[in-house]
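*Asks:* Dropping the structure in here first, questions after.
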Number of protein chains: 2
Amino acid sequence: MREQLIKYIDKTDIQQMDKIKRLNLINSLQGFKSVNLIASKSLKGETNVAIFNSVTHLSSSPAMIGFIQRPTTVIRHNYTNIKETSYFTINQIQKEFIDKAHYTSAKFPDGLSEFDECGLTEEYLDDFYAPFVKESKLKIAVKYLEEHKIEANDTILVVGSIEGVYLPEDTMLDSGIVDLKKMDAVCISGLNTYYEVNKIGYFEYARPGILPVNHITKK
Amino acid sequence: MREQLIKYIDKTDIQQMDKIKRLNLINSLQGFKSVNLIASKSLKGETNVAIFNSVTHLSSSPAMIGFIQRPTTVIRHNYTNIKETSYFTINQIQKEFIDKAHYTSAKFPDGLSEFDECGLTEEYLDDFYAPFVKESKLKIAVKYLEEHKIEANDTILVVGSIEGVYLPEDTMLDSGIVDLKKMDAVCISGLNTYYEVNKIGYFEYARPGILPVNHITKK
């Protein structure tokens, strides 16, 4: 068996790396990430939608979800809208529109809505103030709760409560598990690479003394 | 074309749901998540390793990474160790050991190390205090920086600086991008379902006026 060559990169190497290379490397490290579109509307009625790969589950009771907002040294319309109105939506990205979703990361001039520029459709449901993304199959209505500024790098954890969820009837199993694969959801690594998935493992809740059995491979 | 049936679940439905069903549903909503093993060692030398699906990229310069720690109303050994010593490691989970990694989520009695119980191997590299997981192909040495308690649900965002990274030489591209697929990294949805991935899209950095081209499908 051939010994695998291991690369070690220390803190100084990282600091001295070319900016784009460092961005690509450090963004790769956590592993595969969810990709969602966060949408909002200002008090004046201007809409915004942008791609985020930092949406994170926070708790199920109360049902809470968060995302990481990059430093607000440049204007971040979504963040401003959320602070103004308290409402936003999280819309999962599926295979059919990864190109349009990726395009929302371009820095469009002020006054243009990414909905129009990227060919995505605003949708208003059940009187919720913020727009949903019509193309998305899994949509979450969220109300702003609190935020935490990370001192070391000026990013902000934005925390919200889940006010409602829309999803295709046939993707929610009796157990409550949502079959994300069935709705063609994708994930991302780094900043630019998108993946579809294949199920390789399903385990029961783990208990001491009982080695987990993989229900897919039966091993 | 058949109209797809959409299910709407509001806040009250979520609150009134059976606990396990709610846990499964709400944990599914963000989409596919990274899965990592976080390992630590107490001052007395007791080691701990546990599975987390909340590791999140925070910034590339300075290189920072975080994770969500559930409420500390029960003893969380990793968290206690991290607060005591300031050091921990994040070890990405690959296909070969998802069963052992999943098993670390069982509540083992005090005094037992999950390394022994789950058949994982402690590895010490370059004098870093906390153990790495030998089986993992992507290992990150992290130093505790700060934490933020989310008032609404008592979870904690733990923030650390990336002190060093170990990965197979042939998985880091010249661009800095890490080919996670090449090292058989996996992702998770909900709490129990693991996936391997297939690349379906690669796009350049998005700029206004230039529709993104998918370099995989050439469309």
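Note on naming: chains are A, B, ... as they come in the structure tokens, residues start from 1 per chain, ligands start from 1 in the order shown.
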I'd like to know which residues of stretch 24-178 of chain A are helix (DSSP H, G or I) (by DSSP, run on the backbone); could you write them as a ChimeraX atom specification?
*Replies:* /A:24-28,77-85,95-103,114-118,169-171
*Asks:* Just asking: which residues within stretch 92-191 of chain A are strand (DSSP E or B) according to DSSP, as an MDAnalysis selection string?
*Replies:* chainID A and resid 92 94 122:123 132:133 139:150 155:168 172 178 185 187:189
*Asks:* Output the selection as a CSV table (one decimal), in the first residue's frame - N, CA and C atoms for each residue.
*Replies:*
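Final file, result.csv:
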```
chain,number,residue,atom,x,y,z
A,92,GLN,N,-34.5,27.2,-0.6
A,92,GLN,CA,-33.5,26.3,-1.0
A,92,GLN,C,-33.2,26.2,-2.5
A,94,GLN,N,-32.4,24.3,-5.9
A,94,GLN,CA,-32.4,23.0,-6.6
A,94,GLN,C,-31.7,23.1,-7.9
A,122,GLU,N,-40.4,36.7,-8.0
A,122,GLU,CA,-40.9,37.0,-6.6
A,122,GLU,C,-42.3,36.3,-6.4
A,123,GLU,N,-42.5,35.8,-5.2
A,123,GLU,CA,-43.8,35.2,-4.9
A,123,GLU,C,-44.2,35.6,-3.5
A,132,PHE,N,-40.9,35.4,-1.4
A,132,PHE,CA,-40.3,34.0,-1.6
A,132,PHE,C,-39.7,33.9,-3.0
A,133,VAL,N,-38.9,32.9,-3.3
A,133,VAL,CA,-38.4,32.7,-4.6
A,133,VAL,C,-39.3,31.6,-5.2
A,139,LYS,N,-39.3,26.5,0.9
A,139,LYS,CA,-39.3,27.9,1.3
A,139,LYS,C,-39.6,28.1,2.7
A,140,ILE,N,-38.8,28.9,3.4
A,140,ILE,CA,-39.0,29.2,4.8
A,140,ILE,C,-39.3,30.6,5.1
A,141,ALA,N,-40.3,30.9,5.8
A,141,ALA,CA,-40.6,32.3,6.3
A,141,ALA,C,-39.9,32.5,7.6
A,142,VAL,N,-39.1,33.6,7.7
A,142,VAL,CA,-38.3,33.8,8.9
A,142,VAL,C,-38.5,35.2,9.5
A,143,LYS,N,-38.6,35.3,10.8
A,143,LYS,CA,-38.6,36.6,11.5
A,143,LYS,C,-37.4,36.8,12.3
A,144,TYR,N,-36.8,37.9,12.1
A,144,TYR,CA,-35.5,38.3,12.8
A,144,TYR,C,-35.7,38.3,14.3
A,145,LEU,N,-34.8,37.7,15.0
A,145,LEU,CA,-34.8,37.6,16.5
A,145,LEU,C,-33.7,38.4,17.2
A,146,GLU,N,-32.5,38.0,16.8
A,146,GLU,CA,-31.3,38.7,17.4
A,146,GLU,C,-30.1,38.5,16.5
A,147,GLU,N,-29.0,39.2,16.9
A,147,GLU,CA,-27.8,39.0,16.1
A,147,GLU,C,-26.6,39.1,17.0
A,148,HIS,N,-25.5,38.5,16.5
A,148,HIS,CA,-24.3,38.5,17.3
A,148,HIS,C,-23.1,38.9,16.4
A,149,LYS,N,-22.4,40.0,16.8
A,149,LYS,CA,-21.2,40.4,16.0
A,149,LYS,C,-20.0,39.7,16.5
A,150,ILE,N,-19.3,39.0,15.6
A,150,ILE,CA,-18.1,38.3,15.9
A,150,ILE,C,-17.0,39.3,15.9
A,155,THR,N,-17.9,39.8,11.2
A,155,THR,CA,-19.1,39.1,10.6
A,155,THR,C,-20.2,39.1,11.7
A,156,ILE,N,-21.4,38.8,11.2
A,156,ILE,CA,-22.6,38.8,12.1
A,156,ILE,C,-23.4,37.5,12.0
A,157,LEU,N,-23.7,36.9,13.1
A,157,LEU,CA,-24.6,35.8,13.1
A,157,LEU,C,-26.0,36.3,13.2
A,158,VAL,N,-26.8,36.2,12.2
A,158,VAL,CA,-28.2,36.7,12.3
A,158,VAL,C,-29.1,35.5,12.6
A,159,VAL,N,-29.9,35.7,13.6
A,159,VAL,CA,-30.8,34.6,14.2
A,159,VAL,C,-32.2,34.9,14.0
A,160,GLY,N,-33.0,33.9,13.4
A,160,GLY,CA,-34.4,34.1,13.2
A,160,GLY,C,-35.3,33.0,13.7
A,161,SER,N,-36.5,33.2,13.8
A,161,SER,CA,-37.5,32.1,14.2
A,161,SER,C,-38.2,31.7,12.9
A,162,ILE,N,-38.4,30.4,12.8
A,162,ILE,CA,-39.1,29.9,11.6
A,162,ILE,C,-40.6,30.1,11.8
A,163,GLU,N,-41.2,30.9,10.9
A,163,GLU,CA,-42.6,31.2,11.0
A,163,GLU,C,-43.5,30.3,10.2
A,164,GLY,N,-42.9,29.7,9.2
A,164,GLY,CA,-43.7,28.8,8.3
A,164,GLY,C,-42.8,28.2,7.3
A,165,VAL,N,-43.2,27.0,6.8
A,165,VAL,CA,-42.5,26.3,5.8
A,165,VAL,C,-43.4,25.8,4.7
A,166,TYR,N,-42.9,25.9,3.4
A,166,TYR,CA,-43.6,25.4,2.2
A,166,TYR,C,-42.8,24.4,1.6
A,167,LEU,N,-43.3,23.2,1.3
A,167,LEU,CA,-42.5,22.2,0.6
A,167,LEU,C,-43.5,21.2,-0.1
A,168,PRO,N,-43.0,20.5,-1.2
A,168,PRO,CA,-43.8,19.6,-1.9
A,168,PRO,C,-44.3,18.5,-0.9
A,172,MET,N,-42.1,15.2,2.3
A,172,MET,CA,-42.0,15.1,3.8
A,172,MET,C,-42.5,13.7,4.2
A,178,VAL,N,-37.3,15.4,5.7
A,178,VAL,CA,-37.6,15.9,4.3
A,178,VAL,C,-36.6,15.2,3.4
A,185,ALA,N,-32.4,18.9,-4.5
A,185,ALA,CA,-31.6,19.9,-3.8
A,185,ALA,C,-30.2,19.7,-4.0
A,187,CYS,N,-25.8,20.8,-3.1
A,187,CYS,CA,-24.9,21.4,-2.1
A,187,CYS,C,-23.8,22.0,-2.8
A,188,ILE,N,-22.9,22.7,-2.1
A,188,ILE,CA,-21.8,23.5,-2.7
A,188,ILE,C,-20.5,23.1,-1.9
A,189,SER,N,-19.4,23.2,-2.5
A,189,SER,CA,-18.1,23.3,-1.8
A,189,SER,C,-17.4,24.5,-2.2
```
*Asks:* Near stretch 201-218 of chain A, counting only C-alpha atoms, which residues have an atom at most 10 Å away, once you skip same-chain residues fewer than 3 positions from it, shown as an MDAnalysis selection string?
*Replies:* (chainID A and resid 198) or (chainID B and resid 95 98:109 114 117:118 186 188 191:196)
*Asks:* Please determine, counting only C-alpha atoms, which residue among B:Ile6, B:Leu37, B:Leu125, B:Ile93 has the shortest atom-to-atom distance to chain A.
*Replies:*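 That would be B:Ile6, the residue with the smallest distance to chain A.
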*Asks:* Rank A:Ala50, A:Ile177, A:Ile26, A:Met17 by their smallest atom-to-atom distance to A:Ile38, using only C-alpha atoms, and report the top residue only.
*Replies:*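 Checking each of A:Ala50, A:Ile177, A:Ile26, A:Met17 against A:Ile38, counting only C-alpha atoms, the winner is A:Ala50.
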*Asks:* Which residues are close to stretch 126-130 of chain A, i.e. within 9 Å by only C-alpha atoms, leaving aside same-chain residues fewer than 2 positions away? Reply as a PyMOL selection string.
*Replies:* chain A and resi 39-42+47+85+87-89+123-124+132+141-142
*Asks:* Can you measure atom CA of A:Pro71 to atom CA of A:Asp154 for me? One decimal in Å is fine.
*Replies:* 5.3 Å
*Asks:* Between atom CA of A:Thr171 and atom CA of B:Leu5, what is the spacing in Å?
*Replies:*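 Those two atoms sit 10.1 Å apart.
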*Asks:* What gap, in Å, lies between atom CA of A:Asp13 and atom CA of B:Leu173?
*Replies:*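 Between these atoms lies a distance of 15.6 Å.
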*Asks:* Rank nothing, just name the residue among A:Ser59, A:Gln69, A:Gln15, A:Thr121 nearest to B:Asn27, using only C-alpha atoms.
*Replies:* A:Ser59
*Asks:* Pick out the closest residue to chain A from this set: B:Glu135, B:Asp184, B:Glu169, B:Asp18. Count only C-alpha atoms.
*Replies:* B:Glu169
